[in-house]
file input36.cif (mmCIF, C-alpha atoms and all ligand atoms)
data_target
#
loop_
_atom_site.label_atom_id
_atom_site.label_comp_id
_atom_site.auth_asym_id
_atom_site.auth_seq_id
_atom_site.Cartn_x
_atom_site.Cartn_y
_atom_site.Cartn_z
CA MET A 1172 24.17 81.09 52.71
CA ASN A 1173 20.67 80.00 53.55
CA THR A 1174 19.92 77.11 55.95
CA VAL A 1175 16.69 75.18 55.38
CA LYS A 1176 15.29 72.35 57.45
CA THR A 1177 12.42 71.04 55.33
CA VAL A 1178 12.28 69.23 51.99
CA ARG A 1179 9.73 71.78 50.82
CA GLU A 1180 12.06 74.75 51.44
CA LEU A 1181 14.97 72.83 49.95
CA ARG A 1182 13.07 72.08 46.74
CA ALA A 1183 11.92 75.71 46.43
CA ALA A 1184 15.48 77.07 46.84
CA VAL A 1185 16.97 74.57 44.36
CA ALA A 1186 14.14 75.27 41.88
CA ARG A 1187 14.97 79.00 42.05
CA ALA A 1188 18.63 78.29 41.27
CA ARG A 1189 17.65 75.96 38.41
CA GLY A 1190 15.28 78.60 37.08
CA GLU A 1191 18.29 80.93 36.84
CA GLY A 1192 20.01 78.26 34.71
CA LYS A 1193 22.44 77.24 37.43
CA ARG A 1194 24.25 73.91 37.59
CA ILE A 1195 23.75 72.28 40.99
CA ALA A 1196 26.47 70.49 43.00
CA PHE A 1197 25.70 68.59 46.19
CA VAL A 1198 27.95 67.65 49.13
CA PRO A 1199 26.20 65.36 51.65
CA THR A 1200 27.78 65.29 55.12
CA MET A 1201 27.06 64.35 58.71
CA GLY A 1202 28.47 67.68 59.95
CA ASN A 1203 31.31 68.39 62.38
CA LEU A 1204 33.07 69.72 59.32
CA HIS A 1205 36.85 69.76 58.87
CA SER A 1206 39.12 70.82 56.02
CA GLY A 1207 38.39 67.55 54.20
CA HIS A 1208 34.74 68.57 53.87
CA ILE A 1209 35.66 72.13 52.91
CA ALA A 1210 37.84 70.72 50.09
CA LEU A 1211 34.69 68.99 48.80
CA ILE A 1212 32.80 72.30 48.91
CA ALA A 1213 35.68 74.03 47.07
CA LYS A 1214 35.58 71.35 44.38
CA ALA A 1215 31.80 71.75 44.14
CA SER A 1216 32.19 75.53 43.64
CA GLN A 1217 34.64 74.90 40.79
CA ARG A 1218 32.30 72.47 39.05
CA ALA A 1219 28.91 74.17 39.52
CA ASP A 1220 27.18 77.51 40.04
CA PHE A 1221 25.08 76.58 43.05
CA VAL A 1222 26.47 74.48 45.91
CA VAL A 1223 24.13 72.61 48.25
CA ALA A 1224 25.47 70.84 51.36
CA SER A 1225 23.51 68.68 53.77
CA ILE A 1226 24.16 67.92 57.41
CA PHE A 1227 22.27 64.93 58.71
CA VAL A 1228 23.51 62.36 61.22
CA ASN A 1229 21.65 59.42 59.70
CA PRO A 1230 20.46 56.94 62.36
CA LEU A 1231 19.83 54.31 59.67
CA GLN A 1232 23.56 53.84 59.05
CA PHE A 1233 24.57 53.37 62.70
CA GLY A 1234 24.40 49.94 64.29
CA ALA A 1235 23.45 49.13 67.87
CA GLY A 1236 26.28 50.11 70.22
CA GLU A 1237 27.86 52.47 67.65
CA ASP A 1238 28.52 56.18 68.22
CA LEU A 1239 25.19 57.69 66.98
CA ASP A 1240 24.46 59.45 70.28
CA LYS A 1241 27.94 60.81 70.80
CA TYR A 1242 28.52 61.74 67.13
CA PRO A 1243 29.47 65.45 67.34
CA ARG A 1244 26.73 67.93 66.38
CA THR A 1245 28.24 71.39 65.75
CA LEU A 1246 25.75 73.17 63.49
CA THR A 1247 26.72 76.80 64.20
CA ALA A 1248 30.44 76.23 63.61
CA ASP A 1249 29.61 74.14 60.52
CA GLN A 1250 27.43 76.91 59.05
CA GLU A 1251 30.31 79.38 59.41
CA LYS A 1252 32.75 77.00 57.67
CA LEU A 1253 30.31 76.31 54.83
CA LEU A 1254 29.71 80.02 54.33
CA GLN A 1255 33.47 80.70 54.18
CA GLY A 1256 33.92 77.73 51.84
CA GLY A 1257 31.45 79.08 49.26
CA CYS A 1258 28.35 76.97 49.95
CA HIS A 1259 25.04 78.55 48.87
CA LEU A 1260 22.44 76.41 50.60
CA LEU A 1261 22.55 74.11 53.63
CA PHE A 1262 19.91 71.44 54.16
CA ALA A 1263 19.89 70.41 57.83
CA PRO A 1264 16.77 68.28 58.35
CA THR A 1265 15.57 66.62 61.53
CA VAL A 1266 15.20 62.84 61.77
CA GLU A 1267 11.39 63.35 61.56
CA GLU A 1268 11.78 65.33 58.33
CA MET A 1269 13.91 62.60 56.75
CA TYR A 1270 11.89 59.67 58.09
CA PRO A 1271 8.37 61.06 58.71
CA ASP A 1272 6.85 57.58 58.97
CA GLY A 1273 9.64 56.19 61.13
CA MET A 1274 12.47 53.95 60.03
CA ALA A 1275 10.99 50.47 60.51
CA GLY A 1276 8.90 50.56 57.33
CA GLN A 1277 11.24 52.80 55.36
CA THR A 1278 11.99 51.53 51.81
CA ARG A 1279 15.65 50.52 51.72
CA VAL A 1280 18.26 50.60 48.99
CA SER A 1281 20.86 47.88 49.17
CA VAL A 1282 23.91 47.31 47.01
CA PRO A 1283 24.91 43.66 47.34
CA GLN A 1284 28.48 42.42 46.90
CA LEU A 1285 30.16 45.84 47.22
CA SER A 1286 28.52 46.29 50.63
CA GLU A 1287 29.78 42.93 51.88
CA GLY A 1288 33.16 42.51 53.57
CA LEU A 1289 35.50 45.26 54.79
CA CYS A 1290 33.38 47.79 56.76
CA GLY A 1291 30.22 45.92 55.76
CA ALA A 1292 31.37 42.84 57.68
CA SER A 1293 31.75 44.57 61.03
CA ARG A 1294 28.96 47.12 60.48
CA PRO A 1295 25.97 45.06 59.26
CA GLY A 1296 23.32 47.28 57.64
CA HIS A 1297 25.66 50.28 57.51
CA PHE A 1298 25.87 50.55 53.72
CA GLU A 1299 22.14 49.92 53.34
CA GLY A 1300 21.63 52.92 55.63
CA VAL A 1301 24.06 55.01 53.59
CA ALA A 1302 22.61 53.92 50.22
CA THR A 1303 19.07 54.65 51.45
CA VAL A 1304 19.78 58.13 52.81
CA VAL A 1305 21.95 59.11 49.82
CA SER A 1306 19.17 57.98 47.43
CA LYS A 1307 16.64 60.04 49.39
CA LEU A 1308 18.94 63.07 49.45
CA PHE A 1309 19.59 62.78 45.69
CA ASN A 1310 15.84 62.71 45.06
CA MET A 1311 15.31 65.71 47.31
CA VAL A 1312 18.12 67.87 45.87
CA GLN A 1313 18.25 66.46 42.31
CA PRO A 1314 21.81 67.72 41.78
CA ASP A 1315 23.79 67.54 38.54
CA LEU A 1316 26.79 66.25 40.45
CA ALA A 1317 27.64 65.08 43.96
CA ILE A 1318 31.02 65.01 45.65
CA PHE A 1319 32.30 62.49 48.21
CA GLY A 1320 35.64 61.94 49.94
CA GLN A 1321 37.78 58.97 48.92
CA LYS A 1322 38.56 58.27 52.57
CA ASP A 1323 35.31 56.29 52.62
CA PHE A 1324 36.46 54.22 49.65
CA GLN A 1325 33.91 51.44 50.00
CA GLN A 1326 31.11 53.98 50.54
CA LEU A 1327 32.11 55.77 47.32
CA ALA A 1328 32.06 52.44 45.42
CA VAL A 1329 28.60 51.65 46.84
CA ILE A 1330 27.28 55.09 45.83
CA ARG A 1331 28.73 54.86 42.31
CA ALA A 1332 27.04 51.45 41.95
CA LEU A 1333 23.63 52.60 43.19
CA VAL A 1334 23.64 55.62 40.85
CA HIS A 1335 24.59 53.35 37.94
CA ASP A 1336 22.18 50.55 38.79
CA LEU A 1337 19.21 52.82 39.49
CA ASN A 1338 19.95 55.10 36.50
CA MET A 1339 20.16 58.23 38.61
CA PRO A 1340 21.20 61.25 36.53
CA VAL A 1341 23.87 62.38 38.99
CA GLN A 1342 27.59 62.54 38.25
CA ILE A 1343 29.62 61.21 41.20
CA ILE A 1344 33.00 62.75 41.91
CA GLY A 1345 35.49 61.31 44.43
CA GLU A 1346 37.98 63.69 46.01
CA PRO A 1347 41.35 62.73 47.54
CA THR A 1348 41.61 62.28 51.29
CA VAL A 1349 42.85 65.35 53.17
CA ARG A 1350 45.52 64.49 55.75
CA ALA A 1351 47.12 66.14 58.75
CA ALA A 1352 50.85 66.92 58.41
CA ASP A 1353 51.70 63.57 60.07
CA GLY A 1354 49.58 61.64 57.56
CA LEU A 1355 46.46 60.96 59.66
CA ALA A 1356 43.36 61.14 57.46
CA LEU A 1357 41.06 63.93 58.66
CA SER A 1358 37.87 62.57 60.21
CA SER A 1359 35.21 63.85 62.55
CA ARG A 1360 35.99 60.83 64.74
CA ASN A 1361 39.60 62.02 65.32
CA GLY A 1362 38.11 64.38 67.90
CA PHE A 1363 37.41 61.34 70.11
CA LEU A 1364 41.15 60.55 70.39
CA SER A 1365 43.13 61.43 73.52
CA GLU A 1366 46.39 63.34 73.03
CA GLU A 1367 48.34 60.11 73.36
CA GLN A 1368 46.08 58.23 70.93
CA ARG A 1369 46.29 61.11 68.45
CA ALA A 1370 50.10 60.80 68.53
CA THR A 1371 49.82 57.05 67.81
CA ALA A 1372 47.17 57.29 65.06
CA PRO A 1373 49.49 58.08 62.07
CA VAL A 1374 50.73 54.46 62.33
CA VAL A 1375 47.61 53.57 60.30
CA TYR A 1376 48.74 55.58 57.26
CA ARG A 1377 52.33 54.36 57.72
CA ALA A 1378 51.07 50.76 57.47
CA LEU A 1379 49.30 51.54 54.17
CA ASN A 1380 52.41 53.24 52.79
CA ALA A 1381 54.69 50.39 53.84
CA ILE A 1382 52.51 47.91 51.91
CA ALA A 1383 52.27 50.23 48.88
CA GLU A 1384 56.04 50.71 48.79
CA ALA A 1385 56.69 46.96 48.98
CA ILE A 1386 54.21 46.31 46.14
CA LYS A 1387 55.87 49.04 44.03
CA GLN A 1388 59.20 47.26 44.61
CA GLY A 1389 57.66 44.08 43.15
CA ASP A 1390 56.61 42.21 46.32
CA ARG A 1391 53.39 40.28 45.61
CA ASP A 1392 53.23 38.19 48.79
CA PHE A 1393 50.06 39.97 49.92
CA PRO A 1394 49.32 37.76 52.97
CA ALA A 1395 52.86 38.31 54.33
CA LEU A 1396 52.70 42.07 53.66
CA VAL A 1397 49.37 42.31 55.45
CA SER A 1398 50.35 40.20 58.44
CA GLY A 1399 53.59 42.19 58.89
CA GLN A 1400 51.66 45.46 59.10
CA LEU A 1401 48.90 43.97 61.26
CA GLN A 1402 51.60 43.14 63.78
CA LYS A 1403 52.89 46.73 63.63
CA LEU A 1404 49.39 48.09 64.28
CA GLU A 1405 48.90 45.73 67.21
CA ALA A 1406 52.33 46.58 68.61
CA ALA A 1407 51.33 50.26 68.54
CA GLY A 1408 48.26 49.42 70.65
CA LEU A 1409 45.60 49.35 67.94
CA ARG A 1410 42.99 46.63 67.49
CA PRO A 1411 42.79 46.06 63.72
CA ASP A 1412 39.36 45.25 62.29
CA TYR A 1413 40.72 44.54 58.81
CA LEU A 1414 43.70 45.31 56.61
CA GLU A 1415 43.20 44.12 53.06
CA ILE A 1416 44.50 44.52 49.54
CA ARG A 1417 41.67 44.63 47.01
CA HIS A 1418 41.10 45.35 43.35
CA ALA A 1419 40.28 49.08 43.30
CA LEU A 1420 37.21 48.93 41.03
CA SER A 1421 35.48 45.69 41.97
CA LEU A 1422 36.77 45.55 45.58
CA ARG A 1423 37.30 41.80 45.19
CA PRO A 1424 40.46 40.43 46.89
CA ALA A 1425 43.48 41.38 44.79
CA THR A 1426 45.53 38.86 42.85
CA ALA A 1427 49.25 39.15 42.12
CA GLU A 1428 48.40 40.08 38.50
CA ASP A 1429 46.17 43.06 39.40
CA ARG A 1430 47.55 46.52 38.57
CA ASP A 1431 44.82 48.74 40.05
CA LEU A 1432 44.89 48.12 43.78
CA VAL A 1433 43.54 49.64 46.95
CA ILE A 1434 44.85 48.89 50.42
CA LEU A 1435 42.13 49.38 53.02
CA VAL A 1436 42.31 49.42 56.78
CA ALA A 1437 40.01 49.83 59.78
CA ALA A 1438 41.37 49.71 63.30
CA PHE A 1439 40.21 50.64 66.77
CA LEU A 1440 42.29 52.99 68.87
CA GLY A 1441 40.60 52.74 72.25
CA THR A 1442 36.91 52.91 71.32
CA THR A 1443 37.47 55.03 68.21
CA ARG A 1444 37.32 53.22 64.88
CA LEU A 1445 39.69 54.75 62.32
CA ILE A 1446 39.51 53.92 58.62
CA ASP A 1447 41.87 54.79 55.81
CA ASN A 1448 42.97 53.54 52.40
CA LEU A 1449 45.59 54.01 49.75
CA HIS A 1450 44.81 53.67 46.04
CA LEU A 1451 47.75 52.24 44.13
CA ASN A 1452 47.49 52.12 40.34
CA LEU A 1453 50.69 50.52 39.09
CA ASP A 1454 49.95 51.70 35.54
CA ALA A 1455 49.49 55.35 36.49
CA PRO A 1456 52.33 57.68 35.44
CA ALA A 1457 54.71 58.28 38.39
O1 LIG B 1 30.17 60.04 54.57
C1 LIG B 1 29.24 60.52 55.25
O2 LIG B 1 29.38 61.54 55.94
C2 LIG B 1 27.87 59.83 55.26
O3 LIG B 1 28.02 58.44 55.19
C3 LIG B 1 26.92 60.34 54.16
C4 LIG B 1 27.45 60.04 52.76
C5 LIG B 1 26.70 61.82 54.32
C6 LIG B 1 25.55 59.62 54.27
O4 LIG B 1 24.97 59.84 55.53
#

call {"tool": "encode", "arguments": {"input": "input36.cif", "output": "structure tokens", "more": "lines below"}}
Ligand code: PAF
result
Amino acid sequence: MNTVKTVRELRAAVARARGEGKRIAFVPTMGNLHSGHIALIAKASQRADFVVASIFVNPLQFGAGEDLDKYPRTLTADQEKLLQGGCHLLFAPTVEEMYPDGMAGQTRVSVPQLSEGLCGASRPGHFEGVATVVSKLFNMVQPDLAIFGQKDFQQLAVIRALVHDLNMPVQIIGEPTVRAADGLALSSRNGFLSEEQRATAPVVYRALNAIAEAIKQGDRDFPALVSGQLQKLEAAGLRPDYLEIRHALSLRPATAEDRDLVILVAAFLGTTRLIDNLHLNLDAPA
């Protein structure tokens, strides 16, 4: 696996692969890779001949007071994992390479509506930062397909919308969340948890499951279901940011008649913000 740091080298390497008739898959990441990321690489290898990953901790998607500075940077370990996972090319640019003229005047991509509410409410500008960097990365790599984790459900919806609205010729694939044995969704931010907090964290997934089970049993009192689980999260010592039941495609608040639902949660455990979701399609075969 080759690691390149400039757009010029990236374009040359991808052009070589294209010249050999290869289909290109792309997995954008912020590094500190775990088995969730490696599952995305494995999927990419199944679907394409040449797998490109990127590692870039994008300052544009972090707000003031968020964890940009302490976000873990583990390039050497990440390179080893990508190599083992079957990645062919890693693009690991500097901030200057991605934003050579600085960020203040950088053209932005924003996806209204889908970016509002949920994580967008407590992280203003976050999805604009994501949509902008993903658009730039797509233009740099020009992949046939790109793979994202479903753990960032709202992010995936925003990216699908931007590709559709801007007519980008990239197929977007969402991959299921990879979980620890106790149900906690794998995340680079789990590394910030103390041993005690790590033992508490699976309560987040249990809350999602409790709501999903109740809905499957026919309960449609969404406000009561949500407030019951919010209390459980608070009792476990978490500070919930949101817990909501939405329509899975539009992300608008769900109604009792909706069949394709997603339950989404964000909650602080100490200073670490955990997010998770559970997609519940009542029409899907059991
Ligand atoms: O999900 C992430 O790791 C990031 O938001 C992404 C998509 C790589 C954009 O920086």

call {"tool": "closest_residue", "arguments": {"input": "input36.cif", "among": "A:Ala1302, A:Val1178, A:Val1280, A:Met1172", "to": "ligand LIG 1 (chain B)", "atoms": "only C-alpha atoms and all ligand atoms"}}
result
A:Ala1302

call {"tool": "residues_around", "arguments": {"input": "input36.cif", "residues": "A:Ile1226", "least_positions_apart": "2", "cutoff": "7 Å", "atoms": "all atoms listed in the file", "output": "list of chain:residue names"}}
result
A:Pro1199, A:Thr1200, A:Met1201, A:Gly1202, A:Ala1224, A:Val1228, A:Phe1262, A:Ala1263

call {"tool": "residues_near_ligand", "arguments": {"input": "input36.cif", "ligand": "ligand LIG 1 (chain B)", "cutoff": "10 Å", "atoms": "only C-alpha atoms and all ligand atoms", "output": "PyMOL selection string"}}
result
chain A and resi 1198-1204+1208+1224-1233+1297-1298+1300-1306+1308+1318-1324+1326-1327+1330+1358-1359

call {"tool": "closest_residue", "arguments": {"input": "input36.cif", "among": "A:Thr1442, A:Ser1365, A:Asn1173, A:Gln1400", "to": "A:Leu1260", "atoms": "all atoms listed in the file"}}
result
A:Asn1173

call {"tool": "closest_residue", "arguments": {"input": "input36.cif", "among": "A:Leu1409, A:Leu1451, A:Gln1313, A:Leu1440", "to": "A:Ala1425", "atoms": "only C-alpha atoms"}}
result
A:Leu1451

call {"tool": "closest_residue", "arguments": {"input": "input36.cif", "among": "A:Val1375, A:Ile1416, A:Val1185, A:Leu1333", "to": "A:Pro1394", "atoms": "all atoms listed in the file"}}
result
A:Ile1416

call {"tool": "residues_around", "arguments": {"input": "input36.cif", "residues": "A:Phe1439", "least_positions_apart": "5", "cutoff": "7 Å", "atoms": "only C-alpha atoms", "output": "list in words"}}
result
Leu1409, Arg1410, Pro1411, Arg1444 and Leu1445 of chain A

call {"tool": "write_last_selection", "arguments": {"input": "input36.cif", "atoms": "C-alpha atoms", "output": "short mmCIF file (atom, residue, chain, number, x, y, z; two decimals), keeping the file's coordinate frame"}}
result
data_model
loop_
_atom_site.label_atom_id
_atom_site.label_comp_id
_atom_site.auth_asym_id
_atom_site.auth_seq_id
_atom_site.Cartn_x
_atom_site.Cartn_y
_atom_site.Cartn_z
CA LEU A 1409 45.60 49.35 67.94
CA ARG A 1410 42.99 46.63 67.49
CA PRO A 1411 42.79 46.06 63.72
CA ARG A 1444 37.32 53.22 64.88
CA LEU A 1445 39.69 54.75 62.32
#

call {"tool": "atom_distance", "arguments": {"input": "input36.cif", "atom1": "atom CA of A:Val1341", "atom2": "atom CA of A:Phe1309"}}
result
8.0 Å

call {"tool": "closest_residue", "arguments": {"input": "input36.cif", "among": "A:Leu1401, A:Ala1419, A:Ala1438, A:Ala1395", "to": "A:Ser1293", "atoms": "only C-alpha atoms"}}
result
A:Ala1438

call {"tool": "atom_distance", "arguments": {"input": "input36.cif", "atom1": "atom CA of A:Phe1197", "atom2": "atom CA of A:Val1223"}}
result
4.8 Å

call {"tool": "closest_residue", "arguments": {"input": "input36.cif", "among": "A:Val1374, A:Gly1288, A:Gly1296, A:Arg1369", "to": "A:Tyr1413", "atoms": "only C-alpha atoms"}}
result
A:Gly1288

call {"tool": "atom_distance", "arguments": {"input": "input36.cif", "atom1": "atom CA of A:Gly1207", "atom2": "atom CA of A:Gln1255"}}
result
14.0 Å

call {"tool": "residues_around", "arguments": {"input": "input36.cif", "residues": "A:Lys1193", "least_positions_apart": "4", "cutoff": "12 Å", "atoms": "only C-alpha atoms", "output": "PyMOL selection string"}}
result
chain A and resi 1184-1189+1216+1218-1223+1259+1314-1315

call {"tool": "axis_aligned_box", "arguments": {"input": "input36.cif", "around": "stretch 1250-1261 of chain A", "padding_each_side": "3 Å", "output": "lines of an AutoDock Vina configuration file"}}
result
center_x = 28.2
center_y = 77.4
center_z = 54.1
size_x = 17.5
size_y = 12.6
size_z = 16.5

call {"tool": "residues_around", "arguments": {"input": "input36.cif", "residues": "stretch 1354-1356 of chain A", "least_positions_apart": "4", "cutoff": "12 Å", "atoms": "all atoms listed in the file", "output": "PyMOL selection string"}}
result
chain A and resi 1205-1208+1320-1323+1347-1350+1360-1361+1364+1368-1380+1436+1445-1449

call {"tool": "residues_around", "arguments": {"input": "input36.cif", "residues": "A:Lys1387", "least_positions_apart": "5", "cutoff": "10 Å", "atoms": "only C-alpha atoms", "output": "tab-separated table (two decimals) with C-alpha atoms, in the coordinates of the input"}}
result
chain	number	residue	atom	x	y	z
A	1381	ALA	CA	54.69	50.39	53.84
A	1382	ILE	CA	52.51	47.91	51.91
A	1451	LEU	CA	47.75	52.24	44.13
A	1452	ASN	CA	47.49	52.12	40.34
A	1453	LEU	CA	50.69	50.52	39.09

call {"tool": "closest_atom_pairs", "arguments": {"input": "input36.cif", "of": "stretch 1333-1416 of chain A", "to": "stretch 1282-1285 of chain A", "cutoff": "12 Å", "atoms": "all atoms listed in the file", "output": "Markdown table"}}
result
| residue | atom | partner | partner_atom | distance |
| --- | --- | --- | --- | --- |
| A:Leu1333 | CA | A:Val1282 | CA | 6.5 |
| A:Val1334 | CA | A:Val1282 | CA | 10.3 |
| A:His1335 | CA | A:Val1282 | CA | 10.9 |
| A:Asp1336 | CA | A:Val1282 | CA | 9.0 |
| A:Leu1337 | CA | A:Val1282 | CA | 10.4 |

call {"tool": "write_last_selection", "arguments": {"input": "input36.cif", "atoms": "C-alpha atoms", "output": "PDB file, in the coordinates of the input"}}
result
ATOM      1  CA  LEU A1333      23.630  52.600  43.190  1.00  0.00           C
ATOM      2  CA  VAL A1334      23.640  55.620  40.850  1.00  0.00           C
ATOM      3  CA  HIS A1335      24.590  53.350  37.940  1.00  0.00           C
ATOM      4  CA  ASP A1336      22.180  50.550  38.790  1.00  0.00           C
ATOM      5  CA  LEU A1337      19.210  52.820  39.490  1.00  0.00           C
TER       6      LEU A1337
END

call {"tool": "decode", "arguments": {"input": "input36.cif", "residues": "stretch 1195-1279 of chain A", "atoms": "C-alpha atoms", "output": "tab-separated table (two decimals), in the first residue's frame"}}
result
chain	number	residue	atom	x	y	z
A	1195	ILE	CA	-12.16	2.57	-7.80
A	1196	ALA	CA	-13.69	2.44	-4.30
A	1197	PHE	CA	-13.10	5.15	-1.72
A	1198	VAL	CA	-13.34	5.05	2.09
A	1199	PRO	CA	-12.91	8.51	3.68
A	1200	THR	CA	-11.94	8.48	7.36
A	1201	MET	CA	-10.45	10.65	10.08
A	1202	GLY	CA	-8.06	7.87	11.13
A	1203	ASN	CA	-7.63	6.13	14.49
A	1204	LEU	CA	-9.03	3.13	12.68
A	1205	HIS	CA	-10.97	0.33	14.37
A	1206	SER	CA	-12.71	-2.79	13.06
A	1207	GLY	CA	-15.67	-0.68	11.91
A	1208	HIS	CA	-13.40	1.11	9.43
A	1209	ILE	CA	-11.73	-2.14	8.38
A	1210	ALA	CA	-15.20	-3.58	7.59
A	1211	LEU	CA	-15.65	-0.63	5.21
A	1212	ILE	CA	-12.32	-1.43	3.55
A	1213	ALA	CA	-13.33	-5.11	3.25
A	1214	LYS	CA	-16.59	-4.09	1.60
A	1215	ALA	CA	-14.67	-1.78	-0.74
A	1216	SER	CA	-12.36	-4.66	-1.76
A	1217	GLN	CA	-15.40	-6.80	-2.60
A	1218	ARG	CA	-16.96	-4.10	-4.75
A	1219	ALA	CA	-13.92	-2.70	-6.59
A	1220	ASP	CA	-10.42	-3.51	-7.84
A	1221	PHE	CA	-8.60	-0.55	-6.34
A	1222	VAL	CA	-9.32	0.69	-2.81
A	1223	VAL	CA	-8.41	4.23	-1.78
A	1224	ALA	CA	-8.74	5.37	1.85
A	1225	SER	CA	-8.18	8.85	3.20
A	1226	ILE	CA	-7.18	9.97	6.67
A	1227	PHE	CA	-7.82	13.62	7.35
A	1228	VAL	CA	-8.99	15.17	10.61
A	1229	ASN	CA	-11.03	17.94	9.02
A	1230	PRO	CA	-10.93	21.17	11.06
A	1231	LEU	CA	-13.91	22.53	9.11
A	1232	GLN	CA	-16.30	20.05	10.74
A	1233	PHE	CA	-15.25	20.72	14.35
A	1234	GLY	CA	-16.86	23.54	16.30
A	1235	ALA	CA	-15.19	25.80	18.85
A	1236	GLY	CA	-14.60	23.87	22.08
A	1237	GLU	CA	-14.92	20.47	20.35
A	1238	ASP	CA	-12.24	17.76	20.36
A	1239	LEU	CA	-10.23	18.74	17.21
A	1240	ASP	CA	-6.94	19.07	19.10
A	1241	LYS	CA	-7.30	15.90	21.13
A	1242	TYR	CA	-8.76	13.81	18.26
A	1243	PRO	CA	-6.39	10.79	18.14
A	1244	ARG	CA	-3.81	10.81	15.34
A	1245	THR	CA	-2.32	7.32	14.89
A	1246	LEU	CA	-1.02	7.23	11.32
A	1247	THR	CA	1.53	4.40	11.63
A	1248	ALA	CA	-0.91	2.00	13.30
A	1249	ASP	CA	-3.61	3.02	10.80
A	1250	GLN	CA	-1.33	2.31	7.83
A	1251	GLU	CA	-0.69	-1.20	9.14
A	1252	LYS	CA	-4.43	-1.87	9.59
A	1253	LEU	CA	-5.24	-0.56	6.11
A	1254	LEU	CA	-2.52	-2.71	4.57
A	1255	GLN	CA	-3.85	-5.82	6.35
A	1256	GLY	CA	-7.40	-4.88	5.35
A	1257	GLY	CA	-6.58	-4.80	1.61
A	1258	CYS	CA	-6.33	-1.05	0.94
A	1259	HIS	CA	-4.19	-0.09	-2.08
A	1260	LEU	CA	-3.67	3.63	-1.63
A	1261	LEU	CA	-3.86	5.95	1.39
A	1262	PHE	CA	-4.30	9.69	0.95
A	1263	ALA	CA	-3.18	11.45	4.14
A	1264	PRO	CA	-3.02	15.17	3.33
A	1265	THR	CA	-2.06	18.04	5.61
A	1266	VAL	CA	-4.52	20.83	6.43
A	1267	GLU	CA	-2.48	23.09	4.07
A	1268	GLU	CA	-2.86	20.58	1.23
A	1269	MET	CA	-6.63	20.41	1.71
A	1270	TYR	CA	-7.14	24.12	2.34
A	1271	PRO	CA	-4.19	25.86	0.62
A	1272	ASP	CA	-5.89	29.27	0.75
A	1273	GLY	CA	-7.09	28.86	4.33
A	1274	MET	CA	-10.59	28.01	5.47
A	1275	ALA	CA	-12.19	31.46	5.81
A	1276	GLY	CA	-12.76	31.92	2.08
A	1277	GLN	CA	-13.22	28.24	1.26
A	1278	THR	CA	-16.29	27.50	-0.91
A	1279	ARG	CA	-18.77	25.58	1.22
